[in-house]
$ cat run-v4.txt   # compact mmCIF, C-alpha atoms
# COMPACT_ATOMS: atom_id res chain seq x y z
CA MET A 26 -36.86 2.87 -12.58
CA ASP A 27 -33.88 3.15 -10.20
CA ARG A 28 -34.01 2.54 -6.44
CA HIS A 29 -34.54 6.20 -5.59
CA GLN A 30 -37.44 6.50 -8.04
CA ALA A 31 -38.98 3.29 -6.73
CA ARG A 32 -38.91 4.52 -3.12
CA ARG A 33 -40.28 7.91 -4.15
CA ALA A 34 -43.13 6.34 -6.12
CA ALA A 35 -44.00 3.94 -3.29
CA THR A 36 -44.14 6.81 -0.78
CA VAL A 37 -46.33 9.00 -2.98
CA SER A 38 -48.64 6.05 -3.65
CA LEU A 39 -48.90 5.42 0.10
CA LEU A 40 -49.89 9.02 0.73
CA ALA A 41 -52.39 8.93 -2.14
CA ALA A 42 -54.10 5.68 -1.10
CA GLY A 43 -57.88 5.95 -1.37
CA LEU A 44 -57.94 9.28 -3.21
CA THR A 45 -60.09 9.43 -6.37
CA GLY A 46 -61.57 11.87 -8.86
CA ASP A 47 -59.68 14.37 -11.02
CA ALA A 48 -56.00 14.91 -10.23
CA LEU A 49 -53.24 17.30 -11.22
CA ASP A 50 -49.49 16.60 -11.02
CA TYR A 51 -48.16 20.16 -10.65
CA GLY A 52 -44.51 20.02 -11.66
CA CYS A 53 -44.66 16.56 -13.23
CA GLY A 54 -41.11 16.51 -14.62
CA TRP A 55 -40.58 13.49 -16.87
CA GLY A 56 -44.07 12.16 -16.10
CA ASP A 57 -43.23 8.81 -14.51
CA LEU A 58 -45.18 9.48 -11.31
CA THR A 59 -48.14 10.90 -13.23
CA ALA A 60 -48.33 7.73 -15.30
CA ARG A 61 -48.00 5.52 -12.23
CA LEU A 62 -50.89 7.32 -10.52
CA ALA A 63 -53.14 7.44 -13.61
CA PRO A 64 -55.07 4.16 -13.03
CA GLN A 65 -56.19 5.43 -9.62
CA PHE A 66 -58.03 8.51 -10.93
CA GLN A 67 -60.88 9.27 -13.26
CA GLN A 68 -58.58 11.78 -14.93
CA ILE A 69 -55.05 13.02 -14.25
CA ARG A 70 -52.97 15.58 -16.06
CA GLY A 71 -49.34 16.47 -15.59
CA VAL A 72 -48.11 20.04 -16.04
CA ASP A 73 -44.60 21.44 -15.89
CA ALA A 74 -42.87 24.71 -16.78
CA ASP A 75 -40.16 22.82 -18.72
CA PRO A 76 -41.49 22.15 -22.26
CA GLU A 77 -38.76 19.58 -22.95
CA ARG A 78 -39.88 17.44 -20.02
CA VAL A 79 -43.54 17.82 -20.99
CA ALA A 80 -42.80 16.69 -24.56
CA PHE A 81 -40.90 13.64 -23.27
CA ALA A 82 -43.68 12.74 -20.83
CA ALA A 83 -46.38 13.06 -23.48
CA ALA A 84 -44.48 10.78 -25.87
CA GLU A 85 -43.40 8.27 -23.23
CA HIS A 86 -46.64 7.93 -21.27
CA ALA A 87 -49.45 8.37 -23.80
CA PRO A 88 -52.42 8.51 -23.47
CA VAL A 89 -51.89 10.26 -20.09
CA SER A 90 -52.43 14.00 -20.55
CA PHE A 91 -49.47 16.39 -20.23
CA ALA A 92 -49.21 20.11 -20.92
CA PRO A 93 -46.81 22.99 -20.26
CA CYS A 94 -47.72 25.55 -17.61
CA ARG A 95 -46.52 29.04 -16.79
CA PRO A 96 -43.65 29.32 -14.27
CA ASP A 97 -45.87 31.56 -12.15
CA GLY A 98 -49.22 29.79 -12.27
CA LEU A 99 -51.85 27.59 -13.87
CA ASP A 100 -54.33 28.27 -16.65
CA LEU A 101 -56.98 26.17 -14.93
CA PRO A 102 -60.33 27.18 -13.42
CA ALA A 103 -60.67 27.55 -9.68
CA ALA A 104 -61.86 24.47 -7.77
CA SER A 105 -61.37 22.22 -10.82
CA VAL A 106 -59.46 19.21 -9.37
CA ASP A 107 -59.88 16.86 -6.42
CA VAL A 108 -56.18 16.17 -5.78
CA VAL A 109 -52.99 18.11 -6.47
CA PHE A 110 -49.66 16.29 -6.39
CA SER A 111 -46.43 18.22 -5.78
CA THR A 112 -43.35 16.00 -5.63
CA VAL A 113 -40.10 17.82 -4.78
CA VAL A 114 -41.21 20.95 -6.62
CA LEU A 115 -41.41 23.53 -3.84
CA HIS A 116 -37.62 23.92 -3.76
CA PHE A 117 -37.45 25.02 -7.39
CA VAL A 118 -40.40 27.35 -7.99
CA PRO A 119 -39.75 31.11 -8.19
CA ASP A 120 -42.26 31.88 -5.42
CA ALA A 121 -43.27 29.10 -3.02
CA ASP A 122 -46.19 31.09 -1.55
CA ALA A 123 -47.61 31.81 -5.00
CA TYR A 124 -47.20 28.14 -5.93
CA LEU A 125 -49.12 26.93 -2.86
CA ALA A 126 -51.77 29.58 -3.45
CA GLU A 127 -52.29 28.11 -6.92
CA CYS A 128 -52.50 24.61 -5.43
CA ARG A 129 -55.30 25.80 -3.17
CA ARG A 130 -57.05 27.82 -5.88
CA VAL A 131 -57.48 24.86 -8.22
CA THR A 132 -58.36 22.34 -5.48
CA ARG A 133 -62.03 21.72 -4.75
CA PRO A 134 -63.24 22.49 -1.21
CA THR A 135 -63.26 18.79 -0.34
CA GLY A 136 -59.96 18.13 -2.13
CA SER A 137 -56.44 17.12 -1.11
CA LEU A 138 -52.82 18.10 -1.63
CA VAL A 139 -50.08 15.45 -1.64
CA ILE A 140 -46.75 17.23 -1.27
CA MET A 141 -43.18 15.97 -0.87
CA ILE A 142 -39.97 17.89 -0.17
CA GLN A 143 -36.35 17.18 0.67
CA ASN A 144 -36.43 16.70 4.43
CA PRO A 145 -34.75 19.67 6.16
CA ASP A 146 -34.27 17.40 9.22
CA SER A 147 -32.49 14.67 7.24
CA PHE A 148 -29.17 13.03 8.02
CA TRP A 149 -27.73 14.92 5.02
CA MET A 150 -28.60 18.29 6.56
CA ARG A 151 -27.29 17.24 9.98
CA LEU A 152 -24.10 15.80 8.49
CA ARG A 153 -23.34 19.05 6.70
CA GLY A 154 -23.70 20.90 9.96
CA ALA A 155 -21.44 18.43 11.80
CA LEU A 156 -18.76 18.89 9.12
CA GLY A 157 -18.90 22.65 9.52
CA ARG A 158 -20.48 23.28 6.15
CA PRO A 159 -23.24 25.86 5.81
CA VAL A 160 -26.69 24.32 5.92
CA ASP A 161 -28.69 26.40 3.52
CA GLY A 162 -32.45 26.20 3.77
CA PRO A 163 -34.27 24.73 0.77
CA GLY A 164 -35.62 27.04 -1.91
CA TRP A 165 -38.92 27.57 -0.13
CA GLY A 166 -37.10 29.14 2.81
CA GLY A 167 -38.00 26.72 5.61
CA ARG A 168 -35.55 24.94 7.87
CA SER A 169 -37.70 22.23 9.44
CA ARG A 170 -40.75 20.08 8.81
CA LYS A 171 -42.61 22.31 11.26
CA ASP A 172 -41.88 25.27 8.97
CA LEU A 173 -43.46 23.42 6.07
CA LEU A 174 -46.56 22.49 8.09
CA ALA A 175 -46.94 26.11 9.17
CA MET A 176 -46.63 27.27 5.57
CA LEU A 177 -49.22 24.76 4.42
CA ALA A 178 -51.58 25.91 7.16
CA ARG A 179 -51.21 29.53 6.05
CA HIS A 180 -52.40 28.44 2.63
CA GLY A 181 -55.38 26.53 3.97
CA PHE A 182 -54.06 22.96 4.03
CA VAL A 183 -54.11 20.67 7.06
CA ALA A 184 -51.74 17.68 7.09
CA GLU A 185 -53.46 14.36 7.81
CA ARG A 186 -50.73 11.84 7.04
CA GLU A 187 -46.93 11.84 6.92
CA ALA A 188 -44.59 9.46 5.09
CA GLY A 189 -41.05 9.54 3.79
CA PHE A 190 -38.08 7.57 2.56
CA TYR A 191 -34.31 7.40 2.67
CA ASP A 192 -32.12 7.70 -0.38
CA PRO A 193 -30.78 4.21 -1.14
CA PRO A 194 -27.33 3.95 0.49
CA PHE A 195 -24.13 3.96 -1.56
CA ASP A 196 -25.76 4.86 -4.89
CA ARG A 197 -23.42 7.86 -5.08
CA LEU A 198 -19.94 7.52 -3.62
CA ARG A 199 -17.79 10.52 -4.45
CA THR A 200 -16.42 11.56 -1.06
CA PRO A 201 -15.93 10.02 2.42
CA GLY A 202 -18.95 12.06 3.46
CA ASP A 203 -21.04 10.19 0.88
CA ALA A 204 -19.97 6.88 2.43
CA LEU A 205 -20.86 8.07 5.93
CA LEU A 206 -24.22 9.35 4.71
CA GLY A 207 -24.84 6.00 3.03
CA VAL A 208 -24.24 4.19 6.32
CA LEU A 209 -26.57 6.56 8.18
CA ASN A 210 -29.29 6.26 5.54
CA GLY A 211 -28.97 2.47 5.54
CA ILE A 212 -29.31 2.33 9.33
CA GLY A 213 -32.19 4.77 9.30
CA HIS A 214 -34.03 2.76 6.67
CA LEU A 215 -33.53 -0.55 8.51
CA LEU A 216 -34.49 0.85 11.92
CA ARG A 217 -37.32 3.01 10.53
CA LEU A 218 -35.99 6.22 12.05
CA ASP A 219 -38.69 8.36 10.51
CA GLY A 220 -37.46 11.77 11.62
CA PHE A 221 -34.29 11.62 9.52
CA TRP A 222 -35.79 10.58 6.17
CA SER A 223 -34.08 12.01 3.08
CA TYR A 224 -37.50 13.05 1.77
CA VAL A 225 -40.74 13.71 3.63
CA GLY A 226 -44.27 13.96 2.29
CA TYR A 227 -47.70 14.94 3.56
CA ARG A 228 -51.25 14.23 2.55
CA CYS A 229 -53.26 17.35 3.33
CA ARG A 230 -56.92 18.23 3.16
CA ARG A 231 -58.08 21.62 2.06
CA ALA A 232 -59.50 23.44 5.08
CA GLY A 233 -62.69 25.24 4.05

$ encode --input "run-v4.txt" --output "structure tokens"
Amino acid sequence: MDRHQARRAATVSLLAAGLTGDALDYGCGWGDLTARLAPQFQQIRGVDADPERVAFAAAEHAPVSFAPCRPDGLDLPAASVDVVFSTVVLHFVPDADAYLAECRRVTRPTGSLVIMIQNPDSFWMRLRGALGRPVDGPGWGGRSRKDLLAMLARHGFVAEREAGFYDPPFDRLRTPGDALLGVLNGIGHLLRLDGFWSYVGYRCRRAG
């Protein structure tokens, strides 16, 4: 596990503290987070639209359950899980609203959503703007954390806890901009400047 993965896993675990029951990792990728979370839950399954990643996860993290899912939804009953995890998935789905609607559909009325995205308020986004480069919104279409919270609210989720992390500085040095970003991320991490995290996550309860 590299430094980025370690910080990501620690942040997701912080947001998930105290949650129990049946969980779903919706967009599990290579399965490392699913496996890390498995001891906390009665049952957890990881699903992903990429069959290659699902096959790797199933072989690497047995006996944790992994299965492929459709790009546009889940073949799971309504109100069938207590917790849905979504870790940097919203940027890559074909329809973010449909994805969040599925998260709500399969979550029990007393359940939770733990979601993480690339922070649209990060130093990286601000640095691009300062350098005169276009700052494209992430795939889900929002341009701020407030946009994400509003989107979650439209789909019946209320954020209860926020956490995030900075990319480890100087892991990728290809341009002078990378070096400057590394300095900013290092300072932000040391001074705990929460608003500029590279990634931000929320623990949400299903409302009603």

$ residues_around --input "run-v4.txt" --residues "Val72 (chain A)" --least-positions-apart "2" --cutoff "8 Å" --atoms "only C-alpha atoms" --output "PyMOL selection string"
chain A and resi 49-54+70+74+79+91-94

$ write_last_selection --input "run-v4.txt" --atoms "C-alpha atoms" --output "PDB file, keeping the file's coordinate frame"
ATOM      1  CA  LEU A  49     -53.240  17.300 -11.220  1.00  0.00           C
ATOM      2  CA  ASP A  50     -49.490  16.600 -11.020  1.00  0.00           C
ATOM      3  CA  TYR A  51     -48.160  20.160 -10.650  1.00  0.00           C
ATOM      4  CA  GLY A  52     -44.510  20.020 -11.660  1.00  0.00           C
ATOM      5  CA  CYS A  53     -44.660  16.560 -13.230  1.00  0.00           C
ATOM      6  CA  GLY A  54     -41.110  16.510 -14.620  1.00  0.00           C
ATOM      7  CA  ARG A  70     -52.970  15.580 -16.060  1.00  0.00           C
ATOM      8  CA  ALA A  74     -42.870  24.710 -16.780  1.00  0.00           C
ATOM      9  CA  VAL A  79     -43.540  17.820 -20.990  1.00  0.00           C
ATOM     10  CA  PHE A  91     -49.470  16.390 -20.230  1.00  0.00           C
ATOM     11  CA  ALA A  92     -49.210  20.110 -20.920  1.00  0.00           C
ATOM     12  CA  PRO A  93     -46.810  22.990 -20.260  1.00  0.00           C
ATOM     13  CA  CYS A  94     -47.720  25.550 -17.610  1.00  0.00           C
TER      14      CYS A  94
END

$ atom_distance --input "run-v4.txt" --atom1 "CA of Gly189 (chain A)" --atom2 "CA of Ala87 (chain A)"
28.9 Å

$ atom_distance --input "run-v4.txt" --atom1 "CA of Ser137 (chain A)" --atom2 "CA of Ala232 (chain A)"
9.4 Å

$ residues_around --input "run-v4.txt" --residues "Pro134 (chain A)" --least-positions-apart "6" --cutoff "10 Å" --atoms "only C-alpha atoms" --output "number ranges by chain"
A: 104-107, 230-233

$ residues_around --input "run-v4.txt" --residues "Arg217 (chain A)" --least-positions-apart "4" --cutoff "12 Å" --atoms "only C-alpha atoms" --output "PyMOL selection string"
chain A and resi 188-191+209-213+221-222

$ closest_residue --input "run-v4.txt" --among "A:Leu58, A:Ala204, A:Leu115, A:Ala83" --to "Gly166 (chain A)" --atoms "all atoms listed in the file"
A:Leu115

$ atom_distance --input "run-v4.txt" --atom1 "CA of Asp219 (chain A)" --atom2 "CA of Gln65 (chain A)"
26.8 Å

$ residues_around --input "run-v4.txt" --residues "Ala123 (chain A)" --least-positions-apart "3" --cutoff "8 Å" --atoms "only C-alpha atoms" --output "list of chain:residue names"
A:Asp97, A:Gly98, A:Asp120, A:Ala126, A:Glu127

$ axis_aligned_box --input "run-v4.txt" --around "region 79-92 of chain A" --padding-each-side "8 Å" --output "AutoDock Vina command-line options"
--center_x -46.7 --center_y 14.0 --center_z -23.0 --size_x 27.5 --size_y 28.2 --size_z 21.8

$ residues_around --input "run-v4.txt" --residues "Leu39 (chain A)" --least-positions-apart "2" --cutoff "10 Å" --atoms "all atoms listed in the file" --output "list in words"
Arg33, Ala34, Ala35, Thr36, Val37, Ala41, Ala42, Gly43, Arg186, Glu187, Ala188, Gly189, Gly226 and Arg228 of chain A
